[in-house]
Structures are given as C-alpha cells and as structure tokens.
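What follows is the content of data08.cif, which has mmCIF, C-alpha atoms:
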data_structure
loop_
_atom_site.label_atom_id
_atom_site.label_comp_id
_atom_site.auth_asym_id
_atom_site.auth_seq_id
_atom_site.Cartn_x
_atom_site.Cartn_y
_atom_site.Cartn_z
CA SER S 1 24.04 29.79 55.35
CA PRO S 2 21.66 26.91 56.12
CA GLU S 3 19.03 29.25 57.58
CA GLU S 4 18.97 31.21 54.30
CA ARG S 5 18.05 28.11 52.28
CA PRO S 6 14.39 27.30 51.48
CA GLN S 7 12.66 25.55 54.36
CA PHE S 8 9.53 24.47 52.48
CA PRO S 9 8.46 20.88 53.28
CA GLY S 10 9.46 18.46 50.56
CA ALA S 11 11.69 20.93 48.69
CA SER S 12 15.40 20.49 48.09
CA ALA S 13 16.48 23.65 46.30
CA GLU S 14 18.15 27.03 46.46
CA PHE S 15 16.62 30.50 46.23
CA ALA S 16 17.02 32.45 42.98
CA GLU S 17 16.96 36.25 42.62
CA ARG S 18 16.35 36.30 38.87
CA LEU S 19 13.04 35.52 37.16
CA GLU S 20 13.77 32.61 34.84
CA PHE S 21 11.56 29.77 33.67
CA ILE S 22 13.04 26.33 33.14
CA GLN S 23 13.29 25.67 29.41
CA PRO S 24 12.70 21.96 28.67
CA ASN S 25 14.56 22.09 25.37
CA VAL S 26 17.66 23.59 27.00
CA LEU S 27 18.25 20.63 29.27
CA ALA S 28 20.58 18.02 27.81
CA GLY S 29 18.90 14.89 26.50
CA ILE S 30 19.18 11.74 28.57
CA PRO S 31 21.98 9.59 27.10
CA VAL S 32 21.27 6.09 25.81
CA TYR S 33 23.41 3.44 27.52
CA ARG S 34 24.81 0.75 25.25
CA VAL S 35 27.45 -1.98 25.38
CA MET S 36 27.69 -3.04 21.72
CA ASP S 37 27.66 -1.06 18.51
CA ARG S 38 25.49 -2.18 15.59
CA GLN S 39 28.20 -4.54 14.33
CA GLY S 40 28.40 -6.41 17.64
CA HIS S 41 31.66 -4.83 18.87
CA VAL S 42 31.84 -4.31 22.63
CA LEU S 43 32.73 -0.64 23.06
CA ARG S 44 34.11 -0.82 26.60
CA PRO S 45 35.38 -4.20 27.86
CA SER S 46 34.49 -3.33 31.45
CA GLU S 47 30.81 -3.15 30.44
CA ASP S 48 30.76 -6.59 28.83
CA PRO S 49 28.68 -8.79 31.19
CA GLN S 50 30.94 -11.73 30.24
CA LEU S 51 28.03 -14.11 29.93
CA PRO S 52 29.04 -17.72 29.24
CA LYS S 53 28.58 -19.11 25.76
CA GLU S 54 25.64 -21.29 26.83
CA GLN S 55 23.69 -18.31 28.12
CA VAL S 56 24.43 -16.17 25.07
CA LEU S 57 23.21 -19.02 22.87
CA LYS S 58 20.04 -19.18 24.97
CA LEU S 59 19.51 -15.44 24.45
CA TYR S 60 19.91 -15.82 20.70
CA LYS S 61 17.81 -18.95 20.37
CA THR S 62 15.00 -17.47 22.44
CA MET S 63 14.88 -14.34 20.28
CA THR S 64 14.92 -16.26 17.01
CA LEU S 65 12.41 -18.84 18.23
CA LEU S 66 10.08 -16.02 19.26
CA ASN S 67 10.59 -14.48 15.84
CA THR S 68 9.61 -17.73 14.12
CA MET S 69 6.54 -18.18 16.33
CA ASP S 70 5.50 -14.60 15.57
CA ARG S 71 5.67 -15.11 11.83
CA ILE S 72 3.58 -18.26 11.88
CA LEU S 73 0.93 -17.00 14.28
CA TYR S 74 0.69 -13.66 12.48
CA GLU S 75 -0.01 -15.42 9.21
CA SER S 76 -2.46 -17.78 10.86
CA GLN S 77 -4.49 -14.74 11.88
CA ARG S 78 -4.30 -13.34 8.36
CA GLN S 79 -5.65 -16.68 7.11
CA GLY S 80 -8.59 -16.57 9.52
CA ARG S 81 -7.34 -19.30 11.84
CA ILE S 82 -7.15 -17.15 14.98
CA SER S 83 -8.92 -13.88 15.76
CA PHE S 84 -6.05 -11.58 16.71
CA TYR S 85 -2.30 -11.43 17.17
CA MET S 86 0.46 -9.04 18.23
CA THR S 87 4.04 -9.69 17.22
CA ASN S 88 7.26 -8.85 19.04
CA TYR S 89 9.44 -8.40 15.99
CA GLY S 90 12.20 -5.84 16.53
CA GLU S 91 11.76 -5.74 20.32
CA GLU S 92 13.14 -9.19 21.15
CA GLY S 93 16.24 -7.74 22.82
CA THR S 94 14.16 -5.90 25.43
CA HIS S 95 12.35 -9.13 26.40
CA VAL S 96 15.26 -11.52 26.53
CA GLY S 97 17.91 -9.18 27.91
CA SER S 98 15.70 -8.22 30.83
CA ALA S 99 14.39 -11.75 31.44
CA ALA S 100 17.94 -13.10 31.70
CA ALA S 101 18.77 -10.56 34.42
CA LEU S 102 15.87 -11.53 36.70
CA ASP S 103 15.60 -14.22 39.33
CA ALA S 104 13.16 -17.00 38.49
CA SER S 105 11.00 -16.03 41.48
CA ASP S 106 10.64 -12.37 40.47
CA LEU S 107 7.05 -11.46 39.66
CA VAL S 108 6.40 -10.19 36.14
CA PHE S 109 3.53 -7.95 35.06
CA GLY S 110 3.45 -7.71 31.27
CA GLN S 111 1.49 -5.47 28.94
CA TYR S 112 0.96 -7.60 25.83
CA ARG S 113 4.28 -7.61 23.97
CA GLU S 114 6.46 -9.53 26.41
CA ALA S 115 6.09 -13.07 25.12
CA GLY S 116 9.88 -13.37 25.01
CA VAL S 117 10.08 -13.03 28.80
CA LEU S 118 7.74 -15.99 29.21
CA LEU S 119 9.53 -17.96 26.48
CA TYR S 120 12.90 -17.37 28.18
CA ARG S 121 11.41 -18.74 31.39
CA GLY S 122 10.58 -21.99 29.63
CA TYR S 123 6.92 -21.57 28.75
CA PRO S 124 6.16 -24.29 26.15
CA LEU S 125 5.35 -23.46 22.55
CA GLU S 126 2.29 -25.71 22.85
CA LEU S 127 0.79 -23.44 25.52
CA PHE S 128 1.50 -20.29 23.51
CA MET S 129 -0.41 -21.86 20.63
CA ALA S 130 -3.18 -23.21 22.87
CA GLN S 131 -3.78 -19.75 24.31
CA CYS S 132 -3.93 -18.08 20.90
CA TYR S 133 -6.32 -20.76 19.64
CA GLY S 134 -8.32 -20.82 22.88
CA ASN S 135 -8.45 -24.62 22.77
CA ALA S 136 -9.01 -27.20 25.50
CA SER S 137 -5.32 -27.12 26.49
CA ASP S 138 -5.36 -23.37 27.13
CA PRO S 139 -4.75 -22.75 30.87
CA GLY S 140 -7.17 -19.81 30.55
CA LYS S 141 -9.86 -22.18 29.18
CA GLY S 142 -10.40 -20.10 26.06
CA ARG S 143 -11.75 -17.08 27.91
CA GLN S 144 -9.10 -14.57 26.87
CA MET S 145 -8.35 -13.11 23.48
CA PRO S 146 -5.03 -14.23 21.92
CA VAL S 147 -1.62 -13.12 23.33
CA HIS S 148 -3.04 -12.72 26.85
CA TYR S 149 -0.69 -15.24 28.43
CA GLY S 150 -0.25 -16.05 32.10
CA CYS S 151 1.60 -18.65 34.13
CA PRO S 152 1.57 -18.79 37.96
CA GLU S 153 4.33 -21.43 38.01
CA ARG S 154 6.65 -19.04 36.17
CA HIS S 155 5.50 -16.00 38.17
CA PHE S 156 4.02 -14.29 35.11
CA VAL S 157 0.75 -12.50 35.88
CA THR S 158 -1.97 -13.01 33.27
CA ILE S 159 -2.13 -10.14 30.81
CA SER S 160 -5.27 -8.05 30.58
CA SER S 161 -6.32 -5.79 27.71
CA PRO S 162 -6.96 -2.38 29.36
CA LEU S 163 -3.88 -0.25 28.86
CA ALA S 164 -1.62 0.43 31.86
CA THR S 165 -3.84 -1.17 34.51
CA GLN S 166 -0.96 -3.51 35.36
CA ILE S 167 1.22 -0.62 36.57
CA PRO S 168 -0.53 0.20 39.88
CA GLN S 169 -1.27 -3.51 40.34
CA ALA S 170 2.45 -4.25 40.09
CA VAL S 171 3.21 -1.59 42.67
CA GLY S 172 0.70 -3.18 45.05
CA ALA S 173 2.38 -6.54 44.58
CA ALA S 174 5.80 -4.99 45.20
CA TYR S 175 4.54 -3.37 48.40
CA ALA S 176 3.21 -6.73 49.58
CA ILE S 177 6.60 -8.31 48.85
CA LYS S 178 8.30 -5.56 50.85
CA ARG S 179 5.99 -6.11 53.81
CA ALA S 180 6.65 -9.85 53.65
CA ASP S 181 10.39 -9.14 53.66
CA ALA S 182 10.88 -11.44 50.68
CA SER S 183 14.04 -11.16 48.58
CA ARG S 184 12.12 -10.71 45.37
CA ALA S 185 11.41 -7.92 42.93
CA VAL S 186 8.49 -7.04 40.72
CA VAL S 187 9.12 -6.13 37.09
CA CYS S 188 6.41 -4.21 35.27
CA TYR S 189 6.54 -3.85 31.48
CA PHE S 190 4.68 -1.23 29.44
CA GLY S 191 5.08 0.86 26.32
CA GLU S 192 5.69 4.59 26.07
CA GLY S 193 2.06 5.01 25.03
CA ALA S 194 0.91 3.41 28.28
CA ALA S 195 3.12 5.89 30.13
CA SER S 196 0.64 8.58 29.04
CA GLU S 197 -2.13 6.90 31.02
CA GLY S 198 -3.08 8.12 34.48
CA ASP S 199 -2.37 4.67 35.91
CA ALA S 200 1.32 5.14 35.09
CA HIS S 201 1.55 8.37 37.06
CA ALA S 202 -0.27 6.88 40.04
CA GLY S 203 1.93 3.79 39.93
CA PHE S 204 5.18 5.80 39.76
CA ASN S 205 4.16 7.98 42.68
CA PHE S 206 3.01 5.12 44.92
CA ALA S 207 6.17 3.12 44.16
CA ALA S 208 8.39 6.05 45.14
CA THR S 209 6.52 7.14 48.26
CA LEU S 210 6.07 3.57 49.54
CA GLU S 211 9.65 2.63 48.55
CA CYS S 212 8.74 -0.56 46.72
CA PRO S 213 11.15 -3.11 45.20
CA ILE S 214 9.95 -2.70 41.61
CA VAL S 215 11.58 -2.19 38.23
CA PHE S 216 9.42 -0.30 35.74
CA PHE S 217 10.47 -1.35 32.24
CA CYS S 218 9.24 0.92 29.45
CA ARG S 219 9.60 -0.27 25.87
CA ASN S 220 9.79 2.92 23.83
CA ASN S 221 9.27 1.74 20.25
CA GLY S 222 8.52 5.21 18.93
CA TYR S 223 4.85 4.99 18.01
CA ALA S 224 2.58 3.63 20.78
CA ILE S 225 -0.26 2.31 18.61
CA SER S 226 -0.07 4.93 15.85
CA THR S 227 1.05 8.17 17.52
CA PRO S 228 4.73 9.17 17.17
CA THR S 229 6.49 10.09 20.40
CA SER S 230 6.99 13.63 19.06
CA GLU S 231 3.20 14.04 19.19
CA GLN S 232 2.90 12.44 22.63
CA TYR S 233 5.60 14.38 24.49
CA ARG S 234 7.73 17.53 24.17
CA GLY S 235 11.37 18.29 24.95
CA ASP S 236 13.28 15.23 26.01
CA GLY S 237 10.05 14.00 27.53
CA LYS S 238 9.74 11.69 24.55
CA SER S 239 10.18 9.07 27.17
CA SER S 240 9.43 7.87 30.63
CA ALA S 241 13.05 8.27 31.76
CA ALA S 242 12.78 12.07 31.65
CA ARG S 243 9.84 11.97 34.06
CA GLY S 244 11.28 9.39 36.44
CA PRO S 245 13.37 11.78 38.59
CA GLY S 246 10.33 13.99 39.11
CA TYR S 247 8.64 11.08 40.84
CA GLY S 248 11.74 10.07 42.76
CA LEU S 249 12.58 7.08 40.54
CA LEU S 250 16.17 6.15 39.75
CA SER S 251 16.07 6.14 35.96
CA ILE S 252 18.13 5.12 32.95
CA ARG S 253 17.68 5.07 29.21
CA VAL S 254 19.20 2.09 27.38
CA ASP S 255 19.60 0.86 23.83
CA GLY S 256 16.82 -1.72 23.67
CA ASN S 257 18.37 -3.33 20.59
CA ASP S 258 21.52 -4.12 22.59
CA VAL S 259 20.70 -7.21 24.61
CA PHE S 260 23.74 -6.73 26.87
CA ALA S 261 22.84 -3.14 27.71
CA VAL S 262 19.34 -4.28 28.65
CA TYR S 263 20.79 -7.13 30.70
CA ASN S 264 23.23 -4.91 32.61
CA ALA S 265 20.65 -2.23 33.39
CA THR S 266 17.99 -4.70 34.50
CA ARG S 267 20.39 -6.75 36.60
CA GLU S 268 21.66 -3.70 38.51
CA ALA S 269 18.19 -2.18 38.89
CA ARG S 270 16.82 -5.49 40.17
CA ARG S 271 19.72 -5.92 42.62
CA ARG S 272 19.32 -2.47 44.09
CA ALA S 273 15.53 -2.61 44.13
CA VAL S 274 15.70 -5.68 46.38
CA ALA S 275 18.64 -4.52 48.50
CA GLU S 276 17.45 -0.95 49.03
CA ASN S 277 13.65 -1.17 48.59
CA GLN S 278 13.77 1.41 45.83
CA PRO S 279 11.83 1.69 42.58
CA PHE S 280 13.74 1.94 39.30
CA LEU S 281 12.71 3.01 35.82
CA ILE S 282 14.35 1.62 32.68
CA GLU S 283 13.46 3.06 29.32
CA ALA S 284 14.53 0.76 26.50
CA MET S 285 14.75 2.60 23.18
CA THR S 286 13.79 0.25 20.37
CA TYR S 287 11.65 0.07 17.23
CA ARG S 288 8.53 -1.91 16.41
CA ILE S 289 9.27 -3.64 13.13
CA SER S 290 6.65 -6.31 13.80
CA PRO S 291 5.84 -9.18 11.48
CA LEU S 292 6.95 -10.24 8.07
CA SER S 293 3.88 -10.76 5.96
CA LEU S 294 3.16 -13.15 3.14
CA SER S 295 2.89 -11.54 -0.24
CA PRO S 296 0.37 -12.44 -1.44
CA ALA S 297 -1.50 -14.20 1.37
CA PRO S 298 -3.06 -17.54 0.38
CA LYS S 299 -6.77 -17.45 -0.38
CA LYS S 300 -7.49 -20.34 1.97
CA PRO S 301 -5.67 -21.90 4.94
CA GLN S 302 -2.65 -23.99 4.06
CA PRO S 303 -0.90 -26.56 6.28
CA CYS S 304 2.47 -24.96 5.60
CA PHE S 305 3.71 -21.44 4.98
CA PRO S 306 5.49 -20.57 1.69
CA TRP S 307 7.42 -17.62 3.13
CA VAL S 308 7.79 -14.66 0.79
CA PHE S 309 8.61 -11.77 3.07
CA ARG S 310 8.02 -8.06 2.93
CA PRO S 311 8.66 -5.96 6.04
CA ILE S 312 5.81 -4.07 7.65
CA GLY S 313 5.39 -2.65 11.14
CA HIS S 314 1.87 -3.02 12.41
CA HIS S 315 1.02 -2.57 16.07
CA SER S 316 -1.27 -5.60 15.85
CA THR S 317 -3.36 -7.41 13.27
CA SER S 318 -5.95 -4.63 13.77
CA ASP S 319 -3.51 -1.93 12.65
CA ASP S 320 -2.19 -0.65 9.31
CA SER S 321 1.07 1.14 10.07
CA SER S 322 1.56 2.25 6.46
CA ALA S 323 -0.82 5.09 7.33
CA TYR S 324 1.67 6.70 9.69
CA ARG S 325 5.19 5.61 8.67
CA SER S 326 7.12 4.67 5.57
CA VAL S 327 8.38 1.31 4.40
CA ASP S 328 11.87 2.83 4.07
CA GLU S 329 11.88 3.71 7.77
CA VAL S 330 10.88 0.20 8.77
CA ASN S 331 13.44 -1.26 6.36
CA TYR S 332 16.23 0.74 7.98
CA TRP S 333 15.58 -0.71 11.43
CA ASP S 334 15.08 -4.20 10.05
CA LYS S 335 18.33 -4.20 8.09
CA GLN S 336 20.64 -1.84 10.02
CA ASP S 337 19.75 -2.01 13.70
CA HIS S 338 18.06 -5.26 14.65
CA PRO S 339 18.71 -6.87 18.06
CA ILE S 340 19.00 -10.36 16.60
CA SER S 341 21.57 -9.45 13.96
CA ARG S 342 23.57 -7.44 16.50
CA LEU S 343 23.87 -10.38 18.87
CA ARG S 344 24.66 -12.71 15.98
CA HIS S 345 27.58 -10.47 14.99
CA TYR S 346 28.86 -10.67 18.56
CA MET S 347 28.63 -14.47 18.58
CA ALA S 348 30.27 -14.83 15.17
CA LYS S 349 33.25 -12.71 16.24
CA ARG S 350 33.89 -15.15 19.07
CA GLY S 351 33.48 -18.23 16.91
CA TRP S 352 30.34 -19.28 18.80
CA TRP S 353 28.03 -19.35 15.77
CA ASP S 354 28.38 -19.85 12.06
CA GLU S 355 26.22 -20.10 8.95
CA HIS S 356 25.86 -23.87 9.22
CA GLU S 357 24.56 -23.63 12.79
CA GLU S 358 22.28 -20.80 11.77
CA LYS S 359 20.64 -22.81 9.00
CA ALA S 360 20.26 -25.88 11.21
CA TRP S 361 18.71 -23.88 14.04
CA ARG S 362 16.31 -22.03 11.75
CA LYS S 363 15.14 -25.34 10.32
CA SER S 364 14.72 -27.07 13.68
CA SER S 365 13.06 -24.08 15.36
CA ARG S 366 10.60 -23.74 12.51
CA LYS S 367 9.80 -27.43 12.80
CA MET S 368 9.16 -27.07 16.55
CA VAL S 369 6.81 -24.14 16.01
CA LEU S 370 4.90 -25.83 13.20
CA GLU S 371 4.46 -29.00 15.24
CA ALA S 372 3.02 -27.01 18.13
CA PHE S 373 0.88 -25.06 15.69
CA GLU S 374 -0.58 -28.18 14.09
CA GLN S 375 -1.25 -29.71 17.48
CA ALA S 376 -3.14 -26.59 18.58
CA GLU S 377 -5.30 -26.67 15.46
CA ARG S 378 -6.28 -30.30 16.04
CA GLU S 379 -7.47 -29.77 19.60
CA PRO S 380 -11.14 -28.99 20.30
CA LYS S 381 -12.40 -25.85 22.00
CA PRO S 382 -13.22 -25.99 25.74
CA PRO S 383 -16.78 -27.11 26.60
CA PRO S 384 -19.29 -24.20 26.70
CA ARG S 385 -20.17 -24.91 30.34
CA LEU S 386 -16.78 -23.46 31.37
CA LEU S 387 -18.19 -20.02 30.60
CA PHE S 388 -19.76 -20.10 34.05
CA SER S 389 -17.09 -21.72 36.21
CA ASP S 390 -14.20 -20.22 38.18
CA VAL S 391 -15.98 -16.92 38.81
CA TYR S 392 -17.03 -17.74 42.36
CA LEU S 393 -15.84 -20.36 44.83
CA GLU S 394 -19.41 -21.61 44.91
CA MET S 395 -21.55 -20.94 41.85
CA PRO S 396 -24.48 -18.65 42.80
CA PRO S 397 -28.05 -19.53 41.77
CA ARG S 398 -28.19 -16.95 38.98
CA LEU S 399 -25.17 -18.47 37.21
CA ARG S 400 -26.61 -21.96 37.62
CA ARG S 401 -29.82 -20.74 35.99
CA GLN S 402 -27.88 -19.16 33.12
CA ARG S 403 -25.88 -22.35 32.57
CA ALA S 404 -29.07 -24.45 32.52
CA GLU S 405 -30.63 -22.01 30.05
CA LEU S 406 -27.63 -22.32 27.73
CA GLU S 407 -27.76 -26.12 27.91
CA ARG S 408 -31.47 -26.12 27.00
CA HIS S 409 -30.83 -23.72 24.14
CA LEU S 410 -28.05 -25.88 22.70
CA GLU S 411 -30.19 -29.01 23.00
CA THR S 412 -32.91 -27.31 20.96
CA TYR S 413 -30.85 -25.37 18.44
CA GLY S 414 -27.53 -27.20 18.55
CA GLU S 415 -27.49 -27.83 14.80
CA HIS S 416 -26.95 -24.09 14.26
CA TYR S 417 -23.70 -24.09 16.25
CA PRO S 418 -20.32 -25.71 15.47
CA LEU S 419 -20.54 -27.95 18.54
CA GLN S 420 -18.44 -30.62 16.83
CA HIS S 421 -15.41 -28.36 17.42
CA PHE S 422 -15.98 -28.21 21.19
CA GLN S 423 -14.92 -30.68 23.81
CA LYS S 424 -17.82 -32.81 25.05
#
What's the structure tokens form of this structure?
Amino acid sequence: SPEERPQFPGASAEFAERLEFIQPNVLAGIPVYRVMDRQGHVLRPSEDPQLPKEQVLKLYKTMTLLNTMDRILYESQRQGRISFYMTNYGEEGTHVGSAAALDASDLVFGQYREAGVLLYRGYPLELFMAQCYGNASDPGKGRQMPVHYGCPERHFVTISSPLATQIPQAVGAAYAIKRADASRAVVCYFGEGAASEGDAHAGFNFAATLECPIVFFCRNNGYAISTPTSEQYRGDGKSSAARGPGYGLLSIRVDGNDVFAVYNATREARRRAVAENQPFLIEAMTYRISPLSLSPAPKKPQPCFPWVFRPIGHHSTSDDSSAYRSVDEVNYWDKQDHPISRLRHYMAKRGWWDEHEEKAWRKSSRKMVLEAFEQAEREPKPPPRLLFSDVYLEMPPRLRRQRAELERHLETYGEHYPLQHFQK
C-alpha cells in the first residue's frame, strides 16, 4: 500500500527485506546507439535522418577540411613554427554531427578539441591560423596559446586551458537563458577525463536541480590525456552516461564515429532541452587517433609539406602516446572504424561521391589550408602594448606605469628583441 512505501524526502524506491549490496558489474552495460555500420549501411531506415545531399556533403567536407588543417598545423609545430597544437583526428564525427544538429544561436562551450564545431559554423581558416600563430589578425590579440579559439558572432565561447572549468560556466549560461525565456540551448563539450574533475559533478548537479536547457556532450576517446578509462572508472562507469541518471540527467551513449547517430542524439536532446528546460547528457564513444606525422620531419622549416604518413595518437604536441598504447591499436581505429571513411561509404552507396571528386576536393582543400597558413606566417605579431589593454574599461595607474616601463626598456634594449616581427 502507499503508506507502506518509503516516505523519505527525495527518495523514489521500495523497501527491501534482504541485505543485498548493488553490484556495479551485474548491471547491464549502457548500449551504444548507432545508425550506420562501419561500411556505411543504415541499419534501420527509420533512424536515417534523411539529410539532403548538400548537407551530407557539408558534413564530409568539414571533417576532411579539419583533417587537412590538423595535419598542416601539427607539422608546423613539429617544425618550430608554432608553440603548441592539438589535433582532432578520429573525433571529427563528434564535432560535425553535433554541430549540424544545433541552431546557429545556441551557445557553445568547448574544451579544446572542438575545432570542427567552429569550422562547421563558418569560422574562416585564416582566423584558425591567426590564432595558432598569435599574429596581428588574431581576434585574441596573441594572448592565448594555440587552439584556444573563440568567436562571439558564432556563439562560441573562448576556450580556456584549465580542465572542466567550462562545465559550471555553461550551466550558469543555460540558467540565464532559462530566466530570459529565450528559445536557445547551451552545449558544453568535454572529454571523459574532464568528467573526473569536481567541476563536472557540480555542473551536472546544478543543471539538474535548476532544470537548465543544456546538453552536456562528453567525447569519450578512451584515454583522457594518458590514462585508460579502465583506470579512471570501474564497472560500466567507464563513462559519463552511467553517472548521468544519478544526477537526474537524461542520458544516452552513442557511436561517436557515426555522424548520423551523433546528429540524431544531439538534435533530440537539444529539442527537448529547450522545450522542457531539462539537461541532457550525451556520451559519444570514439577514439583519439590524432595526427599523421612526417617521417622523418624536415630539419628546417619548409614552405610545403612532403607528406609521408605514419599514424600516431598523441593527446597534443606535448604528449607521446606510444608510452601507453600500441601502434597496432591506433592502426585498427584509423583503418577499420574512422568517421570520415564511414560517411564516405554512405555517400558512395548513394552515388553522391566518387574517386574523382575525392581527389579534386583533397587537392582544393589542401590548397585553401596552405594559403591560409602562408598568410598567417607573413603577418606580424601584435604590438607589445596590447599586453596591457582590454583588462579594465579604464586602464588603472599601475598598468599605465608598467606599460611605460616596458616602452622604456624596449627603447634601451630593443636590439635584443625580435621587434621587427611585431606590428609597429
């Protein structure tokens, strides 16, 4: 009877008369939602989003253009031309599939491996390059390390380095949108390693209790920086999706290498988040293949890149992934289960893409990237005085004194600095 059920505040349960602990490894694993198999066959026609040819081509071209940009910028860092870089290789489907399902006005909080979202929204190659080179055309005025993009016009919040800080910030933005009664959603991207941070737990809880229109999008690529998921979590808690229900989040696990599965899940989560003021959690299972490296790398910078590829899987240019996983493992994901090849199979089966178009696109996309790359290298760095601007509405006396001190120092010792590379 109802009066015999537990009446504890916040509990929705039944009484039990037998002492039994919940065994995490007994619970069934969360299934992985997919639309296509690895050969590009749609498994259930009712799940095919039926995207028009033009949009599917945009998905494919965005992923391959991102891939080309990654290769060139990765090698430019290896040649000493930029200080740092993080590639997106192998995770392109999570970026582009989710970006295509959003409204242009939805606010995006990225971690640092979501360049494809910004590229899908039309961010120019020239600005990607300018940011990585920190030149005078960089909207951030050279103050951020590479891959920390941002664009207010495209509703993409500037990336910051500390891990997971964007999660509670995104929840705050979603709560503000709810209070303003705006028909928008916030999408917050992070990796499964960031889900181990305290900020993730605080963000999940606030989003659920405040009923915010937010979609948490976790890219689970298996390794965080260098720690396998099996060493981060136990049971089926190798993910965020297993923890979502505990916080009151509607959750799903999807095949992140299936761009249509990502699209469907994000589209429905975004729709319901806005309509119902509910937070959603999507865990996209994927694999960080990362860049293709030159072998051997040239001894000095070259104006062009003689590509001789060998697959590796570094977290960033500061990482050596060979210390924690094998080349054979990376090769499997590169050759057998790559989001780009899967979508290409789908397109080829419908007669939307062939080898001739592939070669022409690869050539033209490479040319576009190299032109933007060469333009970025030619541009000077921002003037040093910008170190002190944009911190306060009105510059306080102490910053004015520091700026004057720097100017005097450069006037006296300027020959010891590469001032010829900076904008006057």
Residue IDs satisfying the PyMOL selection byres ((chain S and resi 269-275) around 9), as a PyMOL selection string: chain S and resi 101-103+178+182-187+212-215+250+264-268+276-282
Selection file, C-alpha atoms, as a PDB file, in the coordinates of the input:
ATOM      1  CA  ALA S 101      18.770 -10.560  34.420  1.00  0.00           C
ATOM      2  CA  LEU S 102      15.870 -11.530  36.700  1.00  0.00           C
ATOM      3  CA  ASP S 103      15.600 -14.220  39.330  1.00  0.00           C
ATOM      4  CA  LYS S 178       8.300  -5.560  50.850  1.00  0.00           C
ATOM      5  CA  ALA S 182      10.880 -11.440  50.680  1.00  0.00           C
ATOM      6  CA  SER S 183      14.040 -11.160  48.580  1.00  0.00           C
ATOM      7  CA  ARG S 184      12.120 -10.710  45.370  1.00  0.00           C
ATOM      8  CA  ALA S 185      11.410  -7.920  42.930  1.00  0.00           C
ATOM      9  CA  VAL S 186       8.490  -7.040  40.720  1.00  0.00           C
ATOM     10  CA  VAL S 187       9.120  -6.130  37.090  1.00  0.00           C
ATOM     11  CA  CYS S 212       8.740  -0.560  46.720  1.00  0.00           C
ATOM     12  CA  PRO S 213      11.150  -3.110  45.200  1.00  0.00           C
ATOM     13  CA  ILE S 214       9.950  -2.700  41.610  1.00  0.00           C
ATOM     14  CA  VAL S 215      11.580  -2.190  38.230  1.00  0.00           C
ATOM     15  CA  LEU S 250      16.170   6.150  39.750  1.00  0.00           C
ATOM     16  CA  ASN S 264      23.230  -4.910  32.610  1.00  0.00           C
ATOM     17  CA  ALA S 265      20.650  -2.230  33.390  1.00  0.00           C
ATOM     18  CA  THR S 266      17.990  -4.700  34.500  1.00  0.00           C
ATOM     19  CA  ARG S 267      20.390  -6.750  36.600  1.00  0.00           C
ATOM     20  CA  GLU S 268      21.660  -3.700  38.510  1.00  0.00           C
ATOM     21  CA  GLU S 276      17.450  -0.950  49.030  1.00  0.00           C
ATOM     22  CA  ASN S 277      13.650  -1.170  48.590  1.00  0.00           C
ATOM     23  CA  GLN S 278      13.770   1.410  45.830  1.00  0.00           C
ATOM     24  CA  PRO S 279      11.830   1.690  42.580  1.00  0.00           C
ATOM     25  CA  PHE S 280      13.740   1.940  39.300  1.00  0.00           C
ATOM     26  CA  LEU S 281      12.710   3.010  35.820  1.00  0.00           C
ATOM     27  CA  ILE S 282      14.350   1.620  32.680  1.00  0.00           C
TER      28      ILE S 282
END
Distance query Glu377 in chain S at most 10 Å, all atoms listed in the file, self and fewer than 4 positions along chain excluded, as a count of residues only: 10
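Of the residues listed (S:Lys367, S:His416, S:Arg403, S:Arg378), S:Lys367 shows the shortest atom-to-atom separation from Thr68 in chain S; distances use all atoms listed in the file.
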Residues within 9 Å of Cys218 in chain S, all atoms listed in the file, excluding chain neighbours under 2 positions, as a short mmCIF file (atom, residue, chain, number, x, y, z; two decimals) with C-alpha atoms, keeping the file's coordinate frame:
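Done, and the output landed in selection_28.cif:
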data_model
loop_
_atom_site.label_atom_id
_atom_site.label_comp_id
_atom_site.auth_asym_id
_atom_site.auth_seq_id
_atom_site.Cartn_x
_atom_site.Cartn_y
_atom_site.Cartn_z
CA CYS S 188 6.41 -4.21 35.27
CA TYR S 189 6.54 -3.85 31.48
CA PHE S 190 4.68 -1.23 29.44
CA GLY S 191 5.08 0.86 26.32
CA GLU S 192 5.69 4.59 26.07
CA ALA S 194 0.91 3.41 28.28
CA ALA S 195 3.12 5.89 30.13
CA PHE S 216 9.42 -0.30 35.74
CA ASN S 220 9.79 2.92 23.83
CA SER S 239 10.18 9.07 27.17
CA SER S 240 9.43 7.87 30.63
CA ALA S 241 13.05 8.27 31.76
CA LEU S 281 12.71 3.01 35.82
CA ILE S 282 14.35 1.62 32.68
CA GLU S 283 13.46 3.06 29.32
CA ALA S 284 14.53 0.76 26.50
CA MET S 285 14.75 2.60 23.18
#
Best match for closeness to Met69 in chain S among S:Thr227, S:Ser365, S:Asn257, S:Asn205, counting all atoms listed in the file: S:Ser365
Point-to-point distance in Å for CA of Phe109 in chain S and CA of Ser137 in chain S: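 These atoms are spaced 22.8 Å apart.
Atom pair CA of Met63 in chain S / CA of Ser230 in chain S: separated by 29.1 Å.
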Val391 in chain S environment, 12 Å, all atoms listed in the file, sequence neighbours closer than 5 positions dropped, as a VMD selection string: chain S and resid 143 386 396 399 to 400
Residue with smallest distance to Lys424 in chain S - pool S:Pro384, S:Glu371, S:Lys61, S:Glu411, counting only C-alpha atoms: S:Pro384
Between CA of Val96 in chain S and CA of Gly142 in chain S - distance in Å to one decimal: 27.1 Å
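Nearest-residue note for Phe84 in chain S: choosing from S:Ala176, S:Cys132, S:Ile167, S:Ala242, the minimum distance belongs to S:Cys132, counting only C-alpha atoms.
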Top pick for closest residue to Ser98 in chain S, considering S:Phe128, S:Phe388, S:Tyr120, S:Tyr417 and counting all atoms listed in the file: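 Comparing S:Phe128, S:Phe388, S:Tyr120, S:Tyr417 against Ser98 in chain S, the winner is S:Tyr120.
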